[in-house]
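S.K.: Here it is: the structure, laid out below.
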Number of protein chains: 2
Amino acid sequence: MSDNSCKVLVGGDWRPSKSTATFQAENPSSGELLPAQYPVSSRDEAMDELRAGSLAADALRNVGGETVGAFLETYASGIERRASELVEMAHTETALAKSPRLKDVELPRTTAQLRQAAGIARDGSWQRPIRDDARKIYSIFAPLDGPVLVIGPNNFPFAFNSVAGGDFAAAIAARNPVIAKANTGHPGTTHLLAQIAFEAVQSCGLPAATVQMIYRVPREVGLEMVSHPLIGATAFTGSKEAGLALKEAADRAGKPIYLEMSSINPIILLEGALRERGEAIAEEFFASCTLGAGQFCTNPGLVIVPDTESGRAWGDVARKKFEAATPGTLLGRGGREGLVKSVSILREFGAQIVCGGAPVPGPSPRFSNTLLQVTGEVFLKYPEQLQTEAFGPVALLVMSREIQEILSIIGQLHGNLTGTIYSDTTGADDSDYAMIEPRLRLRVGRLINDKMPTGVTVSPAMNHGGPFPATGHPGFTAVGLPASVERFVALHCYDNVRPHRLPPPLRA
Amino acid sequence: MSDNSCKVLVGGDWRPSKSTATFQAENPSSGELLPAQYPVSSRDEAMDELRAGSLAADALRNVGGETVGAFLETYASGIERRASELVEMAHTETALAKSPRLKDVELPRTTAQLRQAAGIARDGSWQRPIRDDARKIYSIFAPLDGPVLVIGPNNFPFAFNSVAGGDFAAAIAARNPVIAKANTGHPGTTHLLAQIAFEAVQSCGLPAATVQMIYRVPREVGLEMVSHPLIGATAFTGSKEAGLALKEAADRAGKPIYLEMSSINPIILLEGALRERGEAIAEEFFASCTLGAGQFCTNPGLVIVPDTESGRAWGDVARKKFEAATPGTLLGRGGREGLVKSVSILREFGAQIVCGGAPVPGPSPRFSNTLLQVTGEVFLKYPEQLQTEAFGPVALLVMSREIQEILSIIGQLHGNLTGTIYSDTTGADDSDYAMIEPRLRLRVGRLINDKMPTGVTVSPAMNHGGPFPATGHPGFTAVGLPASVERFVALHCYDNVRPHRLPPPLRA
């Protein structure tokens, strides 16, 4: 390990933390704690980051898009050069497969995203300049008035990492410094990435505090950071409980916060589709629900199944697949505890175990591939509780007898990232689709046909967002450039300002 | 008066309110209450509006932009046909001058804005469709999942009216029904406008509850409405106190709310400008600060003046103009009380009266044209209190000795809608400008040179917004199409959806 291991990156320096409190990450494969002691930063250290970030914001806002683009590309190349080290460390900390997942999918996705962001930084399209020459009024989207705090999730050590993922790339593309709060599940990976990022900051001549990184802060310090006068905005991906607490603090201070919190990603299977290709759909469902041990924000957690012969037969096929597969290793013990709790709530409110339902004994945290089942009638009795998210290889089948009941169930759904409808290809399901789609449309950010929701393509047309409480606002996406940049900007208008004083993109 | 006077417009019906509580508006010219008794709607009535609005949202979402455009134009023409009645009523309720203000400025601005919104509704540019054919991912901005509650201010009975102003036009252009909560200062004007709007709704065949209107609700009902599951979003223009209470309720429920709350619109006068054209600037300042009795959200309430011979002389010229002019009539007694309170806070924290400072005796609510003065040093001691907004013909001059002090003062400013710098034309002020502008830029939505901030042009490049607490989010504007529409949309993504099922703007 390099000599700045476990140091924090504050104001352009790798330095030992001022704090004495520490934590250790876990190796989920062995169930053992890893040796490195990472600091829990004190309030002082967090305030140092905010002050340095604020000064960096003042400087970065005057740096050209070309330089920011060069930084993002240099960083992407740096990640590629140290790919095997990164993959090794991420695998140790998360137990995610080195190949294909980490090496062949997530890492290339991360660098591709950074390079896309470089293009956006260069072309300035996110600024959307408007000139009204007749009235001498000009407007442009500009960087925020302070650094962006990024708090990343546990399930993507690269692609959603607070110092390398989509939020980071979007904030930087709009010339905002980032204060990265590492996910405590993969501090070593985040540390490596921060090293590579900081080297790129230096070699490209960006303000030194353009990228800062700490590992963990006490809860009250986190709440203070998101609401601090010096913060520009916050991007958070994680649990609803933590997200809502941060949201309340930020909202009260009038500070923008973007959250990706929870989603059970309803799947609606129509009768014709099951008759036509039930077996194939069961396979797709099984693969999607257990992929990465089910720890995706777009994991299909709720499936509305017709309570017919085909529907019940489909459930049997799915059950066999779930039972036959070896449960994957979870990201940590916390995930296993969360699943125990979620499944217990689902059962308490009437869901029956179809298969699985319990932790797998042994040192590494695993949970059996689990299907639960409930009737539409019971679901409609406890719609709140039966939408409890189970972050893992767990899904609840809601057996529904008729279209009116399905519509009622959809009417009770919370906001979700995605919603999927499977229908047959001959038109037998079309009238049901026509009734279901308009209602489901309002509950989700991304409406899908005939495929499972896991897999969030980085496309300008992607919406990785959705109505509350999937996120905090229905108009923004966390994935997809340039749209994801629109979260980290302020609208600046110039009225009667002398032409030579306008920012360059607004000059004639 | 027509027979539905004082009725509420709920779900396509003018009906007597279910409530028995009432209030009366005031004629500020006479200081007397007007005879009409308007209902304070009960919770029941508010819930009726939400339910009807929600159904209307489901219907309106499928109405073509052409029809919505026709509605907005029919409505604008209807307003013009009844212009004299509207002007008469608005004058009675607000004491704003019939001409030029109401008849020649505000009413044409209102109809022009509705017609601009019609253009936006027709061309659909607000939807910003994106097609990624290779990956079969498509996205588009769509109407919200419920009606928009618009709560308008007291100072623009037409142009910001909850049933005719900019928020109304923007919400409708994006095919969201509106529930208008009348400002209690001009219920009769709002009633007339709602009549005209509803006639246009009917003649254009829009869903009957596309436009609904109530006059007033108890505070707790307002808080429930902005946070109700059936609401799509809220647009509020008014006091910071009311705005923050509504924001907290809406935020907690994850419901979008857009607020325009308070702004003191700092003006920075540089030495060279005062030497060059101090007299002219004093006249502009006086005119802007006392226009409409100073009751504009962009009223210049804080002026940073060099504490030099030219600066002090400028203050004298301004004082004479303020003293010589007859104070205008305020919108109501509440405004007068607010000014007494604000001026008392400013004085308590060290501001000295230069002229005015007291209510004008007599039945009609007026407040003397008032200048206060404070040193930069004292301002920096009580920056919070000395930014108290005085909504009327009142400004605080901050006499500052040097550029460093000016920069410190700007560093203490809250978010504002506008900020203005006056500089000379020969370059003498350029180095000061270069230091001041970057800091002021971060505190305001619209940065102005060499003119006063009153006057908010309806331009695509306008930003009538700004950092908190001027508004709730730095990225949105309440004036300027199509940007103002972006507040009332949700991002809808379609992934692998069969081509014929895509909404028309996304089809190949």
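Every chain in the structure tokens takes a letter, A first, then B, and so on in the order presented; its residues are numbered from 1, and the ligands are numbered from 1 following the presented order.
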Pull the closest atom pair for each residue of chain A that gets at most 7 Å from chain B, along with the distance in Å to one decimal, counting only C-alpha atoms, ordering rows by chain and then ascending residue number, as a tab-separated table.

M.R.:
residue	atom	partner	partner_atom	distance
A:Ile130	CA	B:Ala461	CA	5.4
A:Arg131	CA	B:Ala461	CA	6.3
A:Asp132	CA	B:Ala461	CA	6.1
A:Ile137	CA	B:Ala461	CA	5.8
A:Tyr138	CA	B:Ala461	CA	5.1
A:Ser139	CA	B:Ala461	CA	5.0
A:Asp145	CA	B:Leu442	CA	5.8
A:Glu248	CA	B:Arg252	CA	6.9
A:Asp251	CA	B:Asp251	CA	6.7
A:Arg252	CA	B:Glu248	CA	6.9
A:Gly254	CA	B:Phe468	CA	5.6
A:Pro256	CA	B:His473	CA	6.6
A:Leu442	CA	B:Asp145	CA	5.9
A:Gly445	CA	B:His492	CA	5.5
A:Arg446	CA	B:Cys493	CA	4.4
A:Leu447	CA	B:Tyr494	CA	4.9
A:Ile448	CA	B:Asp495	CA	4.7
A:Asn449	CA	B:Val497	CA	4.8
A:Ala461	CA	B:Ser139	CA	5.0
A:Met462	CA	B:Cys493	CA	6.3
A:Asn463	CA	B:Cys493	CA	5.5
A:Phe468	CA	B:Gly254	CA	5.6
A:Pro469	CA	B:Gly254	CA	6.9
A:Gly472	CA	B:Gly254	CA	5.8
A:His473	CA	B:Pro256	CA	6.6
A:Pro474	CA	B:Ala490	CA	4.9
A:Gly475	CA	B:Ala490	CA	4.5
A:Phe476	CA	B:Leu491	CA	6.7
A:Val489	CA	B:Gly475	CA	6.2
A:Ala490	CA	B:Gly475	CA	4.5
A:Leu491	CA	B:Gly475	CA	4.9
A:His492	CA	B:Gly445	CA	5.5
A:Cys493	CA	B:Arg446	CA	4.4
A:Tyr494	CA	B:Leu447	CA	4.9
A:Asp495	CA	B:Ile448	CA	4.7
A:Asn496	CA	B:Asn449	CA	5.4
A:Val497	CA	B:Asn449	CA	4.8

S.K.: Taking a cut-off of 10 Å and counting only C-alpha atoms, can you build a table that, for each residue of stretch 247-354 of chain B near stretch 93-105 of chain B, reports the nearest atom pair and how far apart they are in Å (one decimal), sorted by chain then residue number, as JSON lines?

M.R.:
{"residue": "B:Gly292", "atom": "CA", "partner": "B:Leu96", "partner_atom": "CA", "distance": 6.9}
{"residue": "B:Ala293", "atom": "CA", "partner": "B:Leu96", "partner_atom": "CA", "distance": 9.0}
{"residue": "B:Gly328", "atom": "CA", "partner": "B:Leu96", "partner_atom": "CA", "distance": 9.1}
{"residue": "B:Thr329", "atom": "CA", "partner": "B:Ala95", "partner_atom": "CA", "distance": 6.5}
{"residue": "B:Leu330", "atom": "CA", "partner": "B:Ala95", "partner_atom": "CA", "distance": 7.4}
{"residue": "B:Leu331", "atom": "CA", "partner": "B:Thr94", "partner_atom": "CA", "distance": 5.0}
{"residue": "B:Gly332", "atom": "CA", "partner": "B:Thr94", "partner_atom": "CA", "distance": 7.3}

S.K.: Give me, as a ChimeraX atom specification, all polymer residues having an atom no more than 12 Å from B:Gly165, counting only C-alpha atoms and skipping those fewer than 3 positions away in the same chain.

M.R.: /B:72,75-76,79,106-117,150-153,155-162,168-172,178,180,182,190,193-194,197,235-237,458,478-480,484

S.K.: Quick one, how far is atom CA of B:Ala242 from atom CA of B:Tyr38?

M.R.: 21.0 Å

S.K.: Run DSSP on the backbone and grab whatever in stretch 15-141 of chain B lands in helix (DSSP H, G or I); send it over as a ChimeraX atom specification.

M.R.: /B:43-60,65-81,83-94,98-123,125-127

S.K.: Need the shell around stretch 357-365 of chain B: protein/DNA/RNA residues with any atom at most 12 Å away, counting only C-alpha atoms. Skip same-chain ones fewer than 4 positions apart. Format as a short mmCIF file (atom, residue, chain, number, x, y, z; two decimals) with all heavy atoms, in the first residue's frame?

M.R.:
data_model
loop_
_atom_site.label_atom_id
_atom_site.label_comp_id
_atom_site.auth_asym_id
_atom_site.auth_seq_id
_atom_site.Cartn_x
_atom_site.Cartn_y
_atom_site.Cartn_z
N GLU B 26 -60.09 44.87 0.88
CA GLU B 26 -60.00 46.24 1.33
C GLU B 26 -59.86 47.13 0.10
O GLU B 26 -59.24 46.74 -0.88
CB GLU B 26 -58.74 46.31 2.20
CG GLU B 26 -58.34 47.60 2.79
CD GLU B 26 -56.97 47.44 3.50
OE1 GLU B 26 -56.54 46.30 3.78
OE2 GLU B 26 -56.34 48.46 3.74
N ASN B 27 -60.43 48.32 0.15
CA ASN B 27 -60.13 49.32 -0.87
C ASN B 27 -59.06 50.23 -0.30
O ASN B 27 -59.36 51.09 0.53
CB ASN B 27 -61.38 50.12 -1.23
CG ASN B 27 -61.08 51.18 -2.27
OD1 ASN B 27 -59.92 51.53 -2.52
ND2 ASN B 27 -62.14 51.70 -2.90
N PRO B 28 -57.81 50.07 -0.75
CA PRO B 28 -56.74 50.83 -0.10
C PRO B 28 -56.91 52.35 -0.30
O PRO B 28 -56.45 53.12 0.55
CB PRO B 28 -55.47 50.33 -0.79
CG PRO B 28 -55.84 49.07 -1.50
CD PRO B 28 -57.29 49.20 -1.82
N SER B 29 -57.57 52.75 -1.38
CA SER B 29 -57.72 54.20 -1.61
C SER B 29 -58.53 54.84 -0.50
O SER B 29 -58.28 55.98 -0.11
CB SER B 29 -58.38 54.46 -2.96
OG SER B 29 -57.66 53.82 -3.98
N SER B 30 -59.51 54.12 -0.01
CA SER B 30 -60.36 54.69 1.04
C SER B 30 -60.03 54.11 2.41
O SER B 30 -60.46 54.63 3.43
CB SER B 30 -61.83 54.40 0.73
OG SER B 30 -62.06 52.99 0.84
N GLY B 31 -59.29 53.02 2.39
CA GLY B 31 -59.01 52.35 3.66
C GLY B 31 -60.19 51.58 4.20
O GLY B 31 -60.16 51.07 5.32
N GLU B 32 -61.25 51.46 3.38
CA GLU B 32 -62.44 50.76 3.87
C GLU B 32 -62.55 49.34 3.31
O GLU B 32 -62.04 49.05 2.23
CB GLU B 32 -63.70 51.55 3.46
CG GLU B 32 -63.85 52.79 4.32
CD GLU B 32 -64.95 53.71 3.81
OE1 GLU B 32 -65.66 53.32 2.85
OE2 GLU B 32 -65.08 54.81 4.36
N LEU B 33 -63.25 48.51 4.05
CA LEU B 33 -63.48 47.15 3.57
C LEU B 33 -64.50 47.18 2.44
O LEU B 33 -65.47 47.95 2.49
CB LEU B 33 -63.98 46.25 4.70
CG LEU B 33 -62.94 45.93 5.78
CD1 LEU B 33 -63.57 45.08 6.89
CD2 LEU B 33 -61.75 45.19 5.18
N THR B 94 -56.60 47.25 -5.23
CA THR B 94 -55.16 47.42 -4.97
C THR B 94 -54.71 48.87 -4.93
O THR B 94 -53.60 49.16 -4.50
CB THR B 94 -54.33 46.75 -6.10
OG1 THR B 94 -54.58 47.43 -7.32
CG2 THR B 94 -54.66 45.27 -6.23
N ALA B 95 -55.53 49.79 -5.43
CA ALA B 95 -55.17 51.20 -5.55
C ALA B 95 -54.03 51.42 -6.55
O ALA B 95 -53.50 52.53 -6.63
CB ALA B 95 -54.80 51.82 -4.19
N ALA B 293 -45.44 52.36 -5.17
CA ALA B 293 -45.19 52.46 -3.73
C ALA B 293 -44.15 51.44 -3.26
O ALA B 293 -44.18 50.95 -2.14
CB ALA B 293 -46.49 52.34 -2.92
N PHE B 322 -36.78 61.82 -2.43
CA PHE B 322 -37.68 61.02 -1.60
C PHE B 322 -38.60 61.91 -0.78
O PHE B 322 -39.80 61.65 -0.65
CB PHE B 322 -36.86 60.09 -0.67
CG PHE B 322 -36.51 58.77 -1.28
CD1 PHE B 322 -35.65 58.69 -2.38
CD2 PHE B 322 -37.03 57.58 -0.78
CE1 PHE B 322 -35.32 57.47 -2.95
CE2 PHE B 322 -36.72 56.35 -1.34
CZ PHE B 322 -35.86 56.30 -2.43
N GLU B 323 -38.04 63.00 -0.23
CA GLU B 323 -38.83 63.89 0.61
C GLU B 323 -39.88 64.64 -0.19
O GLU B 323 -40.99 64.89 0.29
CB GLU B 323 -37.90 64.91 1.28
CG GLU B 323 -37.13 64.34 2.47
CD GLU B 323 -36.13 65.34 3.06
OE1 GLU B 323 -35.77 66.31 2.36
OE2 GLU B 323 -35.72 65.13 4.22
N THR B 326 -44.89 62.66 -3.06
CA THR B 326 -46.02 62.19 -2.25
C THR B 326 -45.98 60.67 -2.15
O THR B 326 -45.88 59.99 -3.17
CB THR B 326 -47.35 62.59 -2.93
OG1 THR B 326 -47.30 63.99 -3.18
CG2 THR B 326 -48.54 62.24 -2.05
N PRO B 327 -46.02 60.14 -0.96
CA PRO B 327 -45.99 58.67 -0.83
C PRO B 327 -47.20 58.03 -1.51
O PRO B 327 -48.32 58.53 -1.41
CB PRO B 327 -46.05 58.45 0.69
CG PRO B 327 -45.63 59.74 1.30
CD PRO B 327 -46.08 60.82 0.35
N GLY B 328 -46.96 56.94 -2.19
CA GLY B 328 -48.04 56.23 -2.87
C GLY B 328 -48.89 55.41 -1.89
O GLY B 328 -48.50 55.19 -0.74
N THR B 329 -50.04 55.02 -2.38
CA THR B 329 -50.92 54.19 -1.56
C THR B 329 -50.46 52.74 -1.61
O THR B 329 -50.20 52.20 -2.69
CB THR B 329 -52.36 54.29 -2.08
OG1 THR B 329 -52.73 55.66 -2.09
CG2 THR B 329 -53.32 53.51 -1.20
N LEU B 330 -50.38 52.14 -0.45
CA LEU B 330 -49.95 50.73 -0.37
C LEU B 330 -51.09 49.81 -0.74
O LEU B 330 -52.25 50.22 -0.81
CB LEU B 330 -49.45 50.43 1.04
CG LEU B 330 -48.20 51.21 1.47
CD1 LEU B 330 -47.98 51.09 2.98
CD2 LEU B 330 -46.97 50.73 0.71
N LEU B 331 -50.77 48.54 -0.93
CA LEU B 331 -51.78 47.56 -1.34
C LEU B 331 -52.76 47.24 -0.23
O LEU B 331 -53.83 46.68 -0.47
CB LEU B 331 -51.11 46.28 -1.82
CG LEU B 331 -50.28 46.43 -3.11
CD1 LEU B 331 -49.28 45.30 -3.24
CD2 LEU B 331 -51.20 46.47 -4.32
N GLY B 332 -52.37 47.56 0.99
CA GLY B 332 -53.29 47.28 2.09
C GLY B 332 -52.67 47.65 3.42
O GLY B 332 -51.49 47.98 3.51
N ARG B 333 -53.50 47.54 4.44
CA ARG B 333 -53.02 47.90 5.78
C ARG B 333 -51.91 46.97 6.26
O ARG B 333 -51.03 47.36 7.00
CB ARG B 333 -54.19 47.87 6.77
CG ARG B 333 -55.01 49.14 6.72
CD ARG B 333 -56.20 49.05 7.61
NE ARG B 333 -57.23 48.18 7.00
CZ ARG B 333 -58.47 48.06 7.46
NH1 ARG B 333 -58.84 48.71 8.55
NH2 ARG B 333 -59.33 47.28 6.85
N GLY B 334 -52.01 45.72 5.81
CA GLY B 334 -50.98 44.75 6.19
C GLY B 334 -49.60 45.22 5.75
O GLY B 334 -48.61 45.05 6.46
N GLY B 335 -49.55 45.81 4.56
CA GLY B 335 -48.29 46.31 4.03
C GLY B 335 -47.73 47.41 4.91
O GLY B 335 -46.53 47.47 5.18
N ARG B 336 -48.62 48.28 5.37
CA ARG B 336 -48.17 49.38 6.24
C ARG B 336 -47.62 48.83 7.55
O ARG B 336 -46.55 49.23 8.01
CB ARG B 336 -49.34 50.33 6.50
CG ARG B 336 -48.93 51.55 7.31
CD ARG B 336 -50.04 52.60 7.32
NE ARG B 336 -51.28 52.03 7.84
CZ ARG B 336 -52.45 52.69 7.85
NH1 ARG B 336 -52.51 53.93 7.36
NH2 ARG B 336 -53.54 52.13 8.32
N GLU B 337 -48.34 47.87 8.12
CA GLU B 337 -47.86 47.26 9.37
C GLU B 337 -46.50 46.59 9.17
O GLU B 337 -45.61 46.70 10.03
CB GLU B 337 -48.86 46.22 9.88
CG GLU B 337 -50.10 46.84 10.49
CD GLU B 337 -51.29 45.89 10.47
OE1 GLU B 337 -51.08 44.65 10.45
OE2 GLU B 337 -52.44 46.39 10.43
N GLY B 338 -46.36 45.91 8.03
CA GLY B 338 -45.09 45.25 7.73
C GLY B 338 -43.94 46.25 7.66
O GLY B 338 -42.84 45.99 8.15
N LEU B 339 -44.22 47.42 7.06
CA LEU B 339 -43.16 48.42 6.93
C LEU B 339 -42.78 49.00 8.29
O LEU B 339 -41.59 49.22 8.57
CB LEU B 339 -43.62 49.52 5.98
CG LEU B 339 -43.58 49.11 4.50
CD1 LEU B 339 -44.30 50.14 3.63
CD2 LEU B 339 -42.13 48.94 4.04
N VAL B 340 -43.78 49.24 9.13
CA VAL B 340 -43.49 49.75 10.48
C VAL B 340 -42.55 48.78 11.19
O VAL B 340 -41.54 49.17 11.79
CB VAL B 340 -44.80 49.94 11.29
CG1 VAL B 340 -44.49 50.20 12.76
CG2 VAL B 340 -45.62 51.08 10.69
N LYS B 341 -42.86 47.50 11.06
CA LYS B 341 -42.06 46.48 11.72
C LYS B 341 -40.64 46.40 11.13
O LYS B 341 -39.64 46.37 11.87
CB LYS B 341 -42.77 45.12 11.58
CG LYS B 341 -42.27 44.07 12.52
CD LYS B 341 -43.15 42.83 12.44
CE LYS B 341 -42.34 41.59 12.78
NZ LYS B 341 -43.03 40.35 12.40
N SER B 342 -40.56 46.38 9.81
CA SER B 342 -39.25 46.25 9.16
C SER B 342 -38.36 47.44 9.50
O SER B 342 -37.18 47.29 9.82
CB SER B 342 -39.40 46.16 7.65
OG SER B 342 -40.15 45.05 7.30
N VAL B 343 -38.93 48.65 9.39
CA VAL B 343 -38.12 49.84 9.66
C VAL B 343 -37.68 49.85 11.13
O VAL B 343 -36.55 50.24 11.45
CB VAL B 343 -38.90 51.13 9.29
CG1 VAL B 343 -38.22 52.37 9.84
CG2 VAL B 343 -39.05 51.21 7.78
N SER B 344 -38.53 49.37 11.99
CA SER B 344 -38.16 49.33 13.40
C SER B 344 -37.00 48.35 13.63
O SER B 344 -36.09 48.63 14.41
CB SER B 344 -39.40 49.03 14.24
OG SER B 344 -39.15 48.00 15.15
N ILE B 345 -37.00 47.22 12.92
CA ILE B 345 -35.86 46.29 13.06
C ILE B 345 -34.58 46.93 12.53
O ILE B 345 -33.52 46.88 13.16
CB ILE B 345 -36.16 44.96 12.30
CG1 ILE B 345 -37.30 44.22 12.99
CG2 ILE B 345 -34.90 44.07 12.24
CD1 ILE B 345 -37.82 43.02 12.21
N LEU B 346 -34.68 47.56 11.38
CA LEU B 346 -33.49 48.20 10.80
C LEU B 346 -32.92 49.25 11.77
O LEU B 346 -31.71 49.32 11.98
CB LEU B 346 -33.84 48.84 9.45
CG LEU B 346 -34.24 47.86 8.33
CD1 LEU B 346 -34.76 48.62 7.10
CD2 LEU B 346 -33.05 46.98 7.93
N ARG B 347 -33.81 50.02 12.37
CA ARG B 347 -33.35 51.06 13.31
C ARG B 347 -32.74 50.43 14.55
O ARG B 347 -31.72 50.90 15.07
CB ARG B 347 -34.51 51.97 13.70
CG ARG B 347 -35.01 52.78 12.52
CD ARG B 347 -36.12 53.73 12.90
NE ARG B 347 -35.60 54.79 13.77
CZ ARG B 347 -36.33 55.82 14.16
NH1 ARG B 347 -37.60 55.93 13.79
NH2 ARG B 347 -35.80 56.75 14.92
N ALA B 351 -29.47 51.33 11.95
CA ALA B 351 -29.75 52.19 10.80
C ALA B 351 -30.36 53.51 11.28
O ALA B 351 -31.21 53.52 12.17
CB ALA B 351 -30.69 51.48 9.83
N GLN B 352 -29.89 54.60 10.69
CA GLN B 352 -30.41 55.92 11.03
C GLN B 352 -31.39 56.35 9.95
O GLN B 352 -31.14 56.15 8.76
CB GLN B 352 -29.27 56.95 11.06
CG GLN B 352 -28.06 56.54 11.88
CD GLN B 352 -28.30 56.70 13.36
OE1 GLN B 352 -29.00 57.62 13.77
NE2 GLN B 352 -27.74 55.80 14.16
N ILE B 353 -32.46 57.01 10.39
CA ILE B 353 -33.40 57.56 9.40
C ILE B 353 -32.77 58.76 8.70
O ILE B 353 -32.28 59.68 9.34
CB ILE B 353 -34.69 58.02 10.11
CG1 ILE B 353 -35.42 56.85 10.77
CG2 ILE B 353 -35.60 58.77 9.13
CD1 ILE B 353 -36.16 55.96 9.82
N ASN B 369 -41.98 57.98 1.99
CA ASN B 369 -40.80 57.57 1.22
C ASN B 369 -39.60 57.65 2.16
O ASN B 369 -39.31 58.71 2.72
CB ASN B 369 -40.61 58.48 0.02
CG ASN B 369 -41.81 58.42 -0.92
OD1 ASN B 369 -42.37 57.34 -1.15
ND2 ASN B 369 -42.23 59.56 -1.43
N THR B 370 -38.92 56.56 2.31
CA THR B 370 -37.98 56.44 3.43
C THR B 370 -36.60 56.01 2.99
O THR B 370 -36.43 55.04 2.25
CB THR B 370 -38.53 55.39 4.43
OG1 THR B 370 -39.79 55.85 4.93
CG2 THR B 370 -37.56 55.16 5.58
N LEU B 371 -35.60 56.76 3.46
CA LEU B 371 -34.21 56.31 3.32
C LEU B 371 -33.63 56.13 4.72
O LEU B 371 -33.87 56.96 5.61
CB LEU B 371 -33.38 57.33 2.55
CG LEU B 371 -33.65 57.44 1.05
CD1 LEU B 371 -32.82 58.57 0.43
CD2 LEU B 371 -33.33 56.10 0.36
N LEU B 372 -32.92 55.04 4.89
CA LEU B 372 -32.15 54.84 6.12
C LEU B 372 -30.69 54.74 5.74
O LEU B 372 -30.36 54.52 4.57
CB LEU B 372 -32.59 53.58 6.85
CG LEU B 372 -34.05 53.54 7.31
CD1 LEU B 372 -34.85 52.68 6.37
CD2 LEU B 372 -34.16 53.04 8.74
N GLN B 373 -29.85 54.88 6.71
CA GLN B 373 -28.42 54.87 6.42
C GLN B 373 -27.68 54.15 7.54
O GLN B 373 -28.08 54.22 8.71
CB GLN B 373 -27.95 56.31 6.32
CG GLN B 373 -26.51 56.45 5.88
CD GLN B 373 -26.19 57.93 5.60
OE1 GLN B 373 -26.88 58.60 4.82
NE2 GLN B 373 -25.15 58.43 6.25
N ALA B 390 -38.00 45.44 3.54
CA ALA B 390 -39.08 46.42 3.80
C ALA B 390 -39.84 46.56 2.49
O ALA B 390 -39.34 47.19 1.55
CB ALA B 390 -38.49 47.75 4.25
N GLY B 392 -41.84 48.14 0.37
CA GLY B 392 -42.45 49.45 0.15
C GLY B 392 -41.37 50.44 -0.28
O GLY B 392 -40.27 50.04 -0.66
N PRO B 393 -41.68 51.76 -0.22
CA PRO B 393 -40.76 52.78 -0.75
C PRO B 393 -39.65 53.08 0.26
O PRO B 393 -39.52 54.21 0.73
CB PRO B 393 -41.68 53.98 -0.96
CG PRO B 393 -42.72 53.83 0.11
CD PRO B 393 -42.93 52.36 0.30
N VAL B 394 -38.87 52.06 0.57
CA VAL B 394 -37.89 52.15 1.64
C VAL B 394 -36.58 51.54 1.16
O VAL B 394 -36.58 50.44 0.59
CB VAL B 394 -38.37 51.36 2.89
CG1 VAL B 394 -37.31 51.38 3.99
CG2 VAL B 394 -39.70 51.92 3.41
N ALA B 395 -35.48 52.24 1.41
CA ALA B 395 -34.17 51.66 1.09
C ALA B 395 -33.17 52.01 2.18
O ALA B 395 -33.27 53.05 2.84
CB ALA B 395 -33.67 52.15 -0.26
N LEU B 396 -32.23 51.11 2.34
CA LEU B 396 -31.14 51.31 3.31
C LEU B 396 -29.86 51.61 2.53
O LEU B 396 -29.45 50.82 1.67
CB LEU B 396 -30.96 50.03 4.15
CG LEU B 396 -29.76 50.01 5.10
CD1 LEU B 396 -29.89 51.08 6.19
CD2 LEU B 396 -29.61 48.62 5.74
#
